[in-house]
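Student: Could you have a look at this structure, given as structure tokens, before my questions?
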Amino acid sequence: MSAMLVASDLSKSYEDRTVLAHVDLAVDPGHRVGLVGENGVGKSTLLRLIAGVEDPDSGSVDRPVRLGYLHQEAPYRHDAVVGDVIDAALADVRALTAELEAAAAAVDAAPDDARDAAAARYAAVLVRAEAADVWGADVRVARTLAGLDVADLGRDRRIAFMSGGQRTRLGLAALLIRQPEALVLDEPTNHLDDGAAEFLADALRALPGAVLFASHDRVFLQEVATEIVDLDPTREATAAGRTATTWYGGGYRDYLTAKAKERRAWQAQYEAEQEELATLRESVRVRARQVGHEREMTDRNKMAYGKRGDRVEGQVSRRVRNARTRLETLEAEQVPRPPVPLRFTPPSGRALKPGPDGEAPVVLEVRRGVVQGRLDLLAAGQGRLRVRAGDRLLVTGTNGAGKSTLLHVLAGDIPLTSGSLHRADGVEVALLEQDLHLAGEKRSPRELLTLMAGARASDRVRDFGLVAARDLNRRIGDLSVGQRRRVVLAMIVMHSPHVLLLDEPTNHLSLTLAEELMEALEGWPGAVVVASHDRWLRRRWKGTKVHLPPQGTGR
């Protein structure tokens, strides 16, 4: 009963910018395909085209009639209430129930000569009803609303008065209640806590239809995806005017393994080609000097020149031409240099004095810290929070527990209502904020980086892939949230502080950059304090963990 999602030769441009070019994609029933790629590569655009929300410039999409699409902002009426959304989600089920009842009544009322046809129709409707699980609809409603933490909203709750997170979770619940033949989801775990994300993963694994989703949630990709498609701008197809779509079987770990293998092969090919290029250039230079007309003949060679000189010079000339041809071909077709993995340089400020007995010095310390209404370390069981050089500290907790406030206190941006903050002499601190305030910034990334770290800073940033060359001279205020976050991260890399304070560091970053960031932090000698909801980061964290309970709940 499930249908495939099939995109054929899709292309889409906005003004003078081509976002997608000649994309082919097919998702079979029972398959759950995770869509990944760099920021701005066109993932959300592709999902909108496949869902039918936007029309492609060219190409076509085959989709089932009963397709579900998770809007980033659900299109509900201003006066709609929760009950309206649930009733709309159940409309297909209710209609199917009524159709089944009518088909059953038709069988009972049919004369003998029409009974077989009526029974066949009833059987066909029954198959559809069983596939849609019409008898379990009410149980499914209750289970789904509870699993996505919207059961307590009440049927009369106005959607206009709900938070963005509540609206997103309600939209997800409506899709799961509906049980469509195929699902298209854009960042479905946004606004979900761990329990709700796990419930969604279980629900999607149980669906018989095709599922296509884009996500930065690495745990979700690992738990849900049967395949991963990477919209990779470094692929050869991109140079040929097509958007490259590379398929990887399995979940996120399998994807990482395959990408690492590709990266090693890319590096090996690049090094081999550079070595061959150097050899060819030297060969052309040396052999060109060996051609006869470039040397003066001795008297002894003049008599024999006609016999063997022409032949020798011809052989050398052919070798020079062959080498030059190969050199020109390789220079035109050589693979580009692989991006340099992100790395932090050691802290560049004054050296810190070791503590007593040679132990790592304390760089930051908060004692009995309280920010009225926002943070209470005493209630969290942290009368003293101490950060030493080289420490790795992960701060966890629900929204409103005070994670961001704690990082701002450590940075010196927010004063304590009571308690004290101590920073060691000469310690430099850098904070990557969760919410950046750069929407009105008129300067370009190049200007800020040059101001901070000199004229060559932008070259180093390009090497790491933090800021694309096309964005270096654009106004920062015109960049996307993800692009602005990369600029700030680049400034921090240039700064090389003693302490890094990172608030939700993987938000709005591509999977590749998120992995590189965490790997770079592992080998960095400075102190790191991270606040994050990222389940993949939290599960792989190797340092100390501090959990902040919700405000007012005690230790």
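In the structure tokens, the first chain shown is A, the next is B, and so on; residue numbers restart at 1 for each chain, and ligands run from 1 in the order shown.
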Can you list, as a PyMOL selection string, every protein, DNA or RNA residue that comes within 7 Å of segment 491-495 of chain A when you count only C-alpha atoms, leaving out same-chain residues fewer than 4 positions away?
Tutor: chain A and resi 344+430+449+453+487
Student: Include C-alpha atoms and write out the residues we just selected as a tab-separated table (two decimals), in the first residue's frame.
Tutor:
chain	number	residue	atom	x	y	z
A	344	PHE	CA	43.01	25.11	17.46
A	430	ALA	CA	36.43	33.35	24.50
A	449	LEU	CA	39.30	38.63	10.86
A	453	ALA	CA	44.49	38.49	13.51
A	487	VAL	CA	32.50	33.53	11.33
Student: List the neighbours of Arg474 of chain A out to 12 Å using only C-alpha atoms; skip same-chain residues closer than 2 positions along the sequence, and give me the result as a PyMOL selection string.
Tutor: chain A and resi 441-448+467-472+476-480+483-484+487
Student: Quick one: DSSP helix (DSSP H, G or I) residues in segment 425-521 of chain A, as a PyMOL selection string?
Tutor: chain A and resi 445-453+457-464+469-471+476-478+481-495+511-521
Student: With distances taken over only C-alpha atoms, which of A:Tyr76, A:Trp524, A:Phe220, A:Phe213 is nearest to Pro347 of chain A?
Tutor: A:Trp524
Student: Compile the contact shell of Val93 of chain A as a ChimeraX atom specification: residues with an atom at most 12 Å away, counting only C-alpha atoms, same-chain residues fewer than 2 positions apart removed.
Tutor: /A:66,86-91,95-100,125,128-138,140-141,177-180
Student: Give me a file of those residues, with N, CA, C and O atoms, as a CSV table (one decimal), in the first residue's frame.
Tutor:
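As written to disk, out06.csv reads:
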chain,number,residue,atom,x,y,z
A,66,ARG,N,-1.3,10.5,-0.2
A,66,ARG,CA,-1.2,10.6,1.3
A,66,ARG,C,0.2,10.8,1.7
A,66,ARG,O,0.8,9.9,2.3
A,86,ILE,N,-6.0,17.6,15.7
A,86,ILE,CA,-6.1,16.2,15.9
A,86,ILE,C,-7.3,15.6,15.0
A,86,ILE,O,-7.1,14.6,14.4
A,87,ASP,N,-8.4,16.4,14.9
A,87,ASP,CA,-9.5,15.9,14.1
A,87,ASP,C,-9.1,15.9,12.6
A,87,ASP,O,-9.5,15.0,11.9
A,88,ALA,N,-8.3,16.9,12.2
A,88,ALA,CA,-7.8,16.9,10.8
A,88,ALA,C,-6.9,15.7,10.5
A,88,ALA,O,-6.9,15.1,9.5
A,89,ALA,N,-6.1,15.4,11.5
A,89,ALA,CA,-5.2,14.2,11.4
A,89,ALA,C,-5.9,12.9,11.3
A,89,ALA,O,-5.5,11.9,10.6
A,90,LEU,N,-7.1,12.8,11.9
A,90,LEU,CA,-7.9,11.6,11.9
A,90,LEU,C,-8.9,11.6,10.8
A,90,LEU,O,-9.6,10.6,10.7
A,91,ALA,N,-9.0,12.6,10.0
A,91,ALA,CA,-10.0,12.7,9.0
A,91,ALA,C,-9.9,11.5,8.0
A,91,ALA,O,-11.0,10.9,7.7
A,95,ALA,N,-12.8,8.8,7.6
A,95,ALA,CA,-13.4,8.5,6.3
A,95,ALA,C,-13.3,7.1,5.8
A,95,ALA,O,-14.2,6.5,5.3
A,96,LEU,N,-12.2,6.5,6.1
A,96,LEU,CA,-11.9,5.1,5.8
A,96,LEU,C,-12.8,4.2,6.6
A,96,LEU,O,-13.4,3.2,6.1
A,97,THR,N,-13.1,4.5,7.9
A,97,THR,CA,-14.0,3.7,8.7
A,97,THR,C,-15.4,3.8,8.1
A,97,THR,O,-16.1,2.8,8.1
A,98,ALA,N,-15.8,5.0,7.8
A,98,ALA,CA,-17.2,5.2,7.2
A,98,ALA,C,-17.3,4.4,5.9
A,98,ALA,O,-18.3,3.7,5.6
A,99,GLU,N,-16.2,4.4,5.1
A,99,GLU,CA,-16.2,3.7,3.8
A,99,GLU,C,-16.3,2.2,4.0
A,99,GLU,O,-17.0,1.4,3.3
A,100,LEU,N,-15.6,1.7,5.1
A,100,LEU,CA,-15.6,0.3,5.4
A,100,LEU,C,-17.0,-0.1,5.9
A,100,LEU,O,-17.5,-1.2,5.5
A,125,VAL,N,-11.3,-2.4,0.6
A,125,VAL,CA,-11.4,-1.4,1.7
A,125,VAL,C,-10.8,-1.9,3.0
A,125,VAL,O,-10.1,-1.1,3.7
A,128,ARG,N,-7.0,-1.6,3.0
A,128,ARG,CA,-6.6,-0.2,3.3
A,128,ARG,C,-6.8,0.2,4.7
A,128,ARG,O,-6.0,0.9,5.4
A,129,ALA,N,-7.9,-0.3,5.3
A,129,ALA,CA,-8.2,0.0,6.7
A,129,ALA,C,-7.2,-0.6,7.7
A,129,ALA,O,-6.8,0.0,8.6
A,130,GLU,N,-6.8,-1.8,7.4
A,130,GLU,CA,-5.8,-2.5,8.2
A,130,GLU,C,-4.5,-1.8,8.1
A,130,GLU,O,-3.7,-1.7,9.1
A,131,ALA,N,-4.1,-1.4,6.8
A,131,ALA,CA,-2.8,-0.7,6.7
A,131,ALA,C,-2.8,0.6,7.4
A,131,ALA,O,-1.8,1.1,7.9
A,132,ALA,N,-4.0,1.3,7.5
A,132,ALA,CA,-4.0,2.6,8.2
A,132,ALA,C,-4.3,2.4,9.7
A,132,ALA,O,-4.3,3.4,10.4
A,133,ASP,N,-4.5,1.1,10.1
A,133,ASP,CA,-4.7,0.9,11.6
A,133,ASP,C,-5.8,1.7,12.1
A,133,ASP,O,-5.7,2.4,13.1
A,134,VAL,N,-7.0,1.6,11.4
A,134,VAL,CA,-8.1,2.5,11.8
A,134,VAL,C,-8.6,2.1,13.2
A,134,VAL,O,-9.2,2.9,13.9
A,135,TRP,N,-8.5,0.8,13.6
A,135,TRP,CA,-9.1,0.4,14.9
A,135,TRP,C,-8.1,0.8,16.1
A,135,TRP,O,-8.6,0.9,17.2
A,136,GLY,N,-6.9,1.1,15.8
A,136,GLY,CA,-6.0,1.6,16.8
A,136,GLY,C,-5.8,3.1,16.8
A,136,GLY,O,-4.9,3.6,17.5
A,137,ALA,N,-6.6,3.8,16.1
A,137,ALA,CA,-6.4,5.3,15.9
A,137,ALA,C,-6.5,6.0,17.3
A,137,ALA,O,-5.6,6.9,17.6
A,138,ASP,N,-7.5,5.7,18.1
A,138,ASP,CA,-7.7,6.4,19.4
A,138,ASP,C,-6.5,6.2,20.3
A,138,ASP,O,-6.0,7.1,21.0
A,140,ARG,N,-3.5,5.3,19.3
A,140,ARG,CA,-2.4,6.0,18.7
A,140,ARG,C,-2.4,7.5,19.0
A,140,ARG,O,-1.3,8.0,19.3
A,141,VAL,N,-3.5,8.1,19.1
A,141,VAL,CA,-3.6,9.5,19.4
A,141,VAL,C,-3.0,9.7,20.8
A,141,VAL,O,-2.2,10.6,21.0
A,177,ILE,N,-0.1,10.5,13.7
A,177,ILE,CA,-1.5,10.0,13.9
A,177,ILE,C,-2.1,9.7,12.5
A,177,ILE,O,-2.9,8.8,12.4
A,178,ARG,N,-1.8,10.6,11.6
A,178,ARG,CA,-2.3,10.4,10.2
A,178,ARG,C,-1.9,9.1,9.5
A,178,ARG,O,-2.6,8.5,8.7
A,179,GLN,N,-0.7,8.7,9.8
A,179,GLN,CA,-0.1,7.5,9.2
A,179,GLN,C,-0.1,7.6,7.7
A,179,GLN,O,-0.7,6.8,7.0
A,180,PRO,N,0.6,8.6,7.1
A,180,PRO,CA,0.6,8.8,5.7
A,180,PRO,C,1.5,7.7,5.0
A,180,PRO,O,2.2,7.0,5.7
Student: Find the residues around segment 273-280 of chain A up to 8 Å (only C-alpha atoms counted), leave out those fewer than 2 positions away in its own chain, and share them as number ranges by chain.
Tutor: A: 269-271, 282-284, 323-324, 326-327, 330-331, 334-335
Student: Save out the residues we just selected, all heavy atoms, as a CSV table (one decimal), in the first residue's frame.
Tutor:
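The resulting file, part_28.csv, is shown below:
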chain,number,residue,atom,x,y,z
A,269,GLN,N,45.5,10.4,-3.3
A,269,GLN,CA,45.5,10.8,-4.7
A,269,GLN,C,46.1,12.2,-4.9
A,269,GLN,O,46.9,12.4,-5.8
A,269,GLN,CB,44.1,10.8,-5.3
A,269,GLN,CG,44.0,11.1,-6.8
A,269,GLN,CD,42.6,11.0,-7.3
A,269,GLN,OE1,41.7,10.6,-6.6
A,269,GLN,NE2,42.5,11.4,-8.6
A,270,TYR,N,45.8,13.1,-4.0
A,270,TYR,CA,46.3,14.5,-4.2
A,270,TYR,C,47.8,14.5,-4.0
A,270,TYR,O,48.5,15.1,-4.8
A,270,TYR,CB,45.7,15.4,-3.1
A,270,TYR,CG,46.3,16.7,-3.0
A,270,TYR,CD1,46.0,17.7,-3.9
A,270,TYR,CD2,47.2,17.1,-2.0
A,270,TYR,CE1,46.5,19.0,-3.9
A,270,TYR,CE2,47.8,18.3,-1.9
A,270,TYR,CZ,47.5,19.3,-2.9
A,270,TYR,OH,48.0,20.5,-2.8
A,271,GLU,N,48.3,13.8,-3.0
A,271,GLU,CA,49.8,13.7,-2.8
A,271,GLU,C,50.5,13.1,-4.0
A,271,GLU,O,51.6,13.5,-4.4
A,271,GLU,CB,50.1,13.0,-1.5
A,271,GLU,CG,49.7,13.8,-0.3
A,271,GLU,CD,49.8,13.0,1.0
A,271,GLU,OE1,50.3,11.8,0.9
A,271,GLU,OE2,49.6,13.5,2.1
A,282,GLU,N,60.0,19.0,-13.6
A,282,GLU,CA,61.5,18.9,-13.7
A,282,GLU,C,61.9,18.2,-15.0
A,282,GLU,O,62.9,18.6,-15.6
A,282,GLU,CB,61.9,18.1,-12.5
A,282,GLU,CG,63.4,17.9,-12.4
A,282,GLU,CD,64.2,19.1,-12.2
A,282,GLU,OE1,63.6,20.2,-11.9
A,282,GLU,OE2,65.5,19.1,-12.4
A,283,SER,N,61.2,17.1,-15.4
A,283,SER,CA,61.5,16.4,-16.6
A,283,SER,C,61.5,17.3,-17.8
A,283,SER,O,62.3,17.3,-18.7
A,283,SER,CB,60.5,15.2,-16.8
A,283,SER,OG,60.8,14.5,-18.0
A,284,VAL,N,60.4,18.1,-17.9
A,284,VAL,CA,60.3,19.1,-19.1
A,284,VAL,C,61.4,20.1,-19.0
A,284,VAL,O,62.0,20.4,-20.1
A,284,VAL,CB,58.9,19.8,-19.0
A,284,VAL,CG1,58.9,20.9,-20.0
A,284,VAL,CG2,57.8,18.8,-19.3
A,323,ALA,N,55.9,14.7,-22.2
A,323,ALA,CA,55.8,15.1,-20.8
A,323,ALA,C,55.0,16.4,-20.7
A,323,ALA,O,54.2,16.6,-19.7
A,323,ALA,CB,57.3,15.4,-20.3
A,324,ARG,N,55.2,17.3,-21.7
A,324,ARG,CA,54.4,18.5,-21.6
A,324,ARG,C,52.9,18.2,-21.7
A,324,ARG,O,52.0,18.8,-21.1
A,324,ARG,CB,54.8,19.5,-22.7
A,324,ARG,CG,56.1,20.2,-22.4
A,324,ARG,CD,56.5,21.1,-23.5
A,324,ARG,NE,57.7,21.9,-23.2
A,324,ARG,CZ,58.5,22.5,-24.0
A,324,ARG,NH1,58.3,22.3,-25.3
A,324,ARG,NH2,59.5,23.2,-23.6
A,326,ARG,N,51.3,15.4,-20.9
A,326,ARG,CA,50.8,14.8,-19.6
A,326,ARG,C,50.7,15.9,-18.5
A,326,ARG,O,49.8,15.9,-17.7
A,326,ARG,CB,51.8,13.7,-19.2
A,326,ARG,CG,51.5,13.2,-17.8
A,326,ARG,CD,50.1,12.6,-17.6
A,326,ARG,NE,49.9,12.1,-16.3
A,326,ARG,CZ,48.7,11.9,-15.7
A,326,ARG,NH1,47.6,12.2,-16.4
A,326,ARG,NH2,48.6,11.5,-14.5
A,327,LEU,N,51.7,16.8,-18.5
A,327,LEU,CA,51.7,17.9,-17.5
A,327,LEU,C,50.5,18.8,-17.7
A,327,LEU,O,49.8,19.1,-16.7
A,327,LEU,CB,53.0,18.7,-17.6
A,327,LEU,CG,53.1,19.9,-16.7
A,327,LEU,CD1,53.1,19.5,-15.2
A,327,LEU,CD2,54.4,20.7,-17.0
A,330,LEU,N,47.3,16.8,-16.5
A,330,LEU,CA,47.3,16.7,-15.1
A,330,LEU,C,47.0,18.0,-14.4
A,330,LEU,O,46.2,18.0,-13.4
A,330,LEU,CB,48.5,16.0,-14.6
A,330,LEU,CG,48.5,15.6,-13.1
A,330,LEU,CD1,47.4,14.6,-12.8
A,330,LEU,CD2,49.9,14.9,-12.7
A,331,GLU,N,47.6,19.1,-14.9
A,331,GLU,CA,47.3,20.4,-14.3
A,331,GLU,C,45.9,20.8,-14.4
A,331,GLU,O,45.3,21.4,-13.5
A,331,GLU,CB,48.2,21.4,-14.9
A,331,GLU,CG,49.7,21.4,-14.4
A,331,GLU,CD,50.6,22.4,-15.1
A,331,GLU,OE1,50.2,22.8,-16.2
A,331,GLU,OE2,51.6,22.8,-14.5
A,334,GLN,N,43.7,17.7,-12.2
A,334,GLN,CA,44.2,17.3,-10.8
A,334,GLN,C,43.1,17.5,-9.8
A,334,GLN,O,42.3,18.5,-9.9
A,334,GLN,CB,45.4,18.1,-10.4
A,334,GLN,CG,45.2,19.6,-10.3
A,334,GLN,CD,46.5,20.3,-9.9
A,334,GLN,OE1,47.1,20.0,-8.8
A,334,GLN,NE2,46.9,21.3,-10.7
A,335,VAL,N,43.0,16.7,-8.8
A,335,VAL,CA,42.1,16.8,-7.7
A,335,VAL,C,42.5,18.0,-6.9
A,335,VAL,O,43.7,18.3,-6.7
A,335,VAL,CB,41.9,15.6,-6.9
A,335,VAL,CG1,41.5,14.4,-7.7
A,335,VAL,CG2,43.2,15.3,-6.2
Student: Within segment 372-412 of chain A, find each residue whose DSSP state, derived from the backbone, is strand (DSSP E), and express the selection as a list in words.
Tutor: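 Of segment 372-412 of chain A, only Leu375, Asp376, Arg384, Leu385, Arg386, Val387, Arg388, Arg392, Leu393, Leu394, Val395 and Thr396 of chain A fall in strand (DSSP E).
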Student: If you count only C-alpha atoms, which residues fall within 10 Å of Gly419 of chain A, apart from same-chain ones fewer than 4 positions away, as a count of residues only?
Tutor: 12
Student: In terms of the shortest atom-to-atom distance over only C-alpha atoms, which of A:Gly249, A:Gly412, A:Pro354, A:Gly373 is closest to Leu431 of chain A?
Tutor: A:Gly412
Student: Pick from A:Ala105, A:Val362, A:Ala123, A:Leu35: nearest to Val224 of chain A, with only C-alpha atoms counted?
Tutor: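 The closest residue to Val224 of chain A is A:Leu35.
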Student: Would you pick out the contacts of Leu207 of chain A at 10 Å or less, using only C-alpha atoms, so that residues sharing its chain but fewer than 4 positions from it are not included, and give the list as a PyMOL selection string?
Tutor: chain A and resi 2+29-32+176+179-183+202-203+211
Student: Using only C-alpha atoms, which residues sit within 9 Å of segment 397-409 of chain A once same-chain residues fewer than 5 positions away are excluded, as a PyMOL selection string?
Tutor: chain A and resi 193+366+369+371+374-377+414-416+421+431+433-434+501-504+529-533+546-551
Student: Those residues you just picked out, can you put them in a file as an mmCIF file, in the first residue's frame with N, CA and C atoms?
Tutor:
data_model
loop_
_atom_site.group_PDB
_atom_site.id
_atom_site.type_symbol
_atom_site.label_atom_id
_atom_site.label_comp_id
_atom_site.auth_asym_id
_atom_site.auth_seq_id
_atom_site.Cartn_x
_atom_site.Cartn_y
_atom_site.Cartn_z
ATOM 1 N N ASP A 193 13.001 16.910 23.456
ATOM 2 C CA ASP A 193 13.944 16.428 24.452
ATOM 3 C C ASP A 193 14.321 14.988 24.115
ATOM 4 N N VAL A 366 34.074 29.748 40.388
ATOM 5 C CA VAL A 366 32.861 30.405 40.876
ATOM 6 C C VAL A 366 32.518 29.800 42.240
ATOM 7 N N GLY A 369 27.793 30.733 43.541
ATOM 8 C CA GLY A 369 27.288 31.636 42.529
ATOM 9 C C GLY A 369 25.772 31.596 42.362
ATOM 10 N N VAL A 371 22.668 33.902 40.236
ATOM 11 C CA VAL A 371 22.119 34.996 39.434
ATOM 12 C C VAL A 371 20.619 34.914 39.619
ATOM 13 N N ARG A 374 17.904 33.017 37.513
ATOM 14 C CA ARG A 374 18.489 32.403 36.326
ATOM 15 C C ARG A 374 19.480 31.289 36.635
ATOM 16 N N LEU A 375 20.162 31.375 37.783
ATOM 17 C CA LEU A 375 21.195 30.393 38.091
ATOM 18 C C LEU A 375 21.395 30.322 39.601
ATOM 19 N N ASP A 376 21.489 29.087 40.104
ATOM 20 C CA ASP A 376 21.772 28.896 41.526
ATOM 21 C C ASP A 376 22.644 27.661 41.663
ATOM 22 N N LEU A 377 23.973 27.884 41.720
ATOM 23 C CA LEU A 377 24.889 26.756 41.818
ATOM 24 C C LEU A 377 24.778 26.038 43.151
ATOM 25 N N ILE A 414 27.903 38.466 32.657
ATOM 26 C CA ILE A 414 26.755 38.605 33.550
ATOM 27 C C ILE A 414 27.272 38.614 34.984
ATOM 28 N N PRO A 415 26.976 39.649 35.757
ATOM 29 C CA PRO A 415 27.455 39.704 37.148
ATOM 30 C C PRO A 415 26.630 38.782 38.050
ATOM 31 N N LEU A 416 27.263 38.277 39.071
ATOM 32 C CA LEU A 416 26.579 37.444 40.060
ATOM 33 C C LEU A 416 25.757 38.310 40.998
ATOM 34 N N LEU A 421 33.334 35.331 41.508
ATOM 35 C CA LEU A 421 34.002 34.769 40.348
ATOM 36 C C LEU A 421 35.467 35.173 40.410
ATOM 37 N N LEU A 431 34.010 33.236 24.282
ATOM 38 C CA LEU A 431 32.682 32.629 24.384
ATOM 39 C C LEU A 431 32.021 32.561 23.013
ATOM 40 N N GLU A 433 28.564 32.232 21.733
ATOM 41 C CA GLU A 433 27.201 32.323 22.251
ATOM 42 C C GLU A 433 26.232 31.474 21.438
ATOM 43 N N GLN A 434 25.154 31.056 22.100
ATOM 44 C CA GLN A 434 24.114 30.306 21.399
ATOM 45 C C GLN A 434 23.352 31.217 20.446
ATOM 46 N N LEU A 501 34.601 28.793 25.998
ATOM 47 C CA LEU A 501 33.248 28.595 26.516
ATOM 48 C C LEU A 501 32.330 28.456 25.302
ATOM 49 N N LEU A 502 31.733 27.287 25.134
ATOM 50 C CA LEU A 502 30.972 26.992 23.923
ATOM 51 C C LEU A 502 29.531 26.659 24.286
ATOM 52 N N ASP A 503 28.597 27.520 23.853
ATOM 53 C CA ASP A 503 27.176 27.334 24.136
ATOM 54 C C ASP A 503 26.506 26.731 22.904
ATOM 55 N N GLU A 504 26.073 25.471 23.019
ATOM 56 C CA GLU A 504 25.481 24.720 21.899
ATOM 57 C C GLU A 504 26.362 24.838 20.653
ATOM 58 N N VAL A 529 34.731 24.542 28.354
ATOM 59 C CA VAL A 529 33.457 24.371 29.042
ATOM 60 C C VAL A 529 32.368 24.442 27.984
ATOM 61 N N VAL A 530 31.571 23.364 27.884
ATOM 62 C CA VAL A 530 30.557 23.245 26.847
ATOM 63 C C VAL A 530 29.191 23.063 27.480
ATOM 64 N N ALA A 531 28.193 23.787 26.966
ATOM 65 C CA ALA A 531 26.786 23.538 27.310
ATOM 66 C C ALA A 531 26.103 23.043 26.050
ATOM 67 N N SER A 532 25.450 21.870 26.130
ATOM 68 C CA SER A 532 24.909 21.314 24.900
ATOM 69 C C SER A 532 23.753 20.352 25.169
ATOM 70 N N HIS A 533 22.765 20.378 24.226
ATOM 71 C CA HIS A 533 21.712 19.373 24.175
ATOM 72 C C HIS A 533 22.062 18.258 23.191
ATOM 73 N N VAL A 546 28.628 18.271 34.559
ATOM 74 C CA VAL A 546 27.888 18.960 35.616
ATOM 75 C C VAL A 546 26.460 19.136 35.143
ATOM 76 N N HIS A 547 25.505 18.640 35.921
ATOM 77 C CA HIS A 547 24.094 18.746 35.540
ATOM 78 C C HIS A 547 23.411 19.806 36.396
ATOM 79 N N LEU A 548 22.733 20.731 35.726
ATOM 80 C CA LEU A 548 21.973 21.765 36.429
ATOM 81 C C LEU A 548 20.492 21.385 36.411
ATOM 82 N N PRO A 549 19.865 21.216 37.583
ATOM 83 C CA PRO A 549 18.436 20.890 37.610
ATOM 84 C C PRO A 549 17.610 22.118 37.258
ATOM 85 N N PRO A 550 16.335 21.929 36.893
ATOM 86 C CA PRO A 550 15.474 23.093 36.631
ATOM 87 C C PRO A 550 15.420 24.018 37.836
ATOM 88 N N GLN A 551 15.283 25.314 37.567
ATOM 89 C CA GLN A 551 15.225 26.292 38.637
ATOM 90 C C GLN A 551 14.093 25.963 39.613
#
Student: Closest to Ala265 of chain A among A:Gly241, A:Pro338, A:Gly251, A:Pro233, using only C-alpha atoms?
Tutor: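 For Ala265 of chain A, the nearest of the candidates is A:Pro338.
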Student: Using only C-alpha atoms, can you tell me which of A:Asp55, A:Asp435, A:Asp534, A:Glu428 comes closest to Val499 of chain A?
Tutor: A:Glu428
Student: Tell me, in Å to one decimal, how far atom CA of Pro339 of chain A is from atom CA of Arg281 of chain A.
Tutor: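 Between atom CA of Pro339 of chain A and atom CA of Arg281 of chain A the gap works out to 24.9 Å.
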Student: Measuring atom to atom with only C-alpha atoms, identify which of A:Ala142, A:Ala258, A:Ala173, A:Arg242 is nearest to Thr18 of chain A.
Tutor: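 Smallest separation from Thr18 of chain A among the options: A:Arg242.
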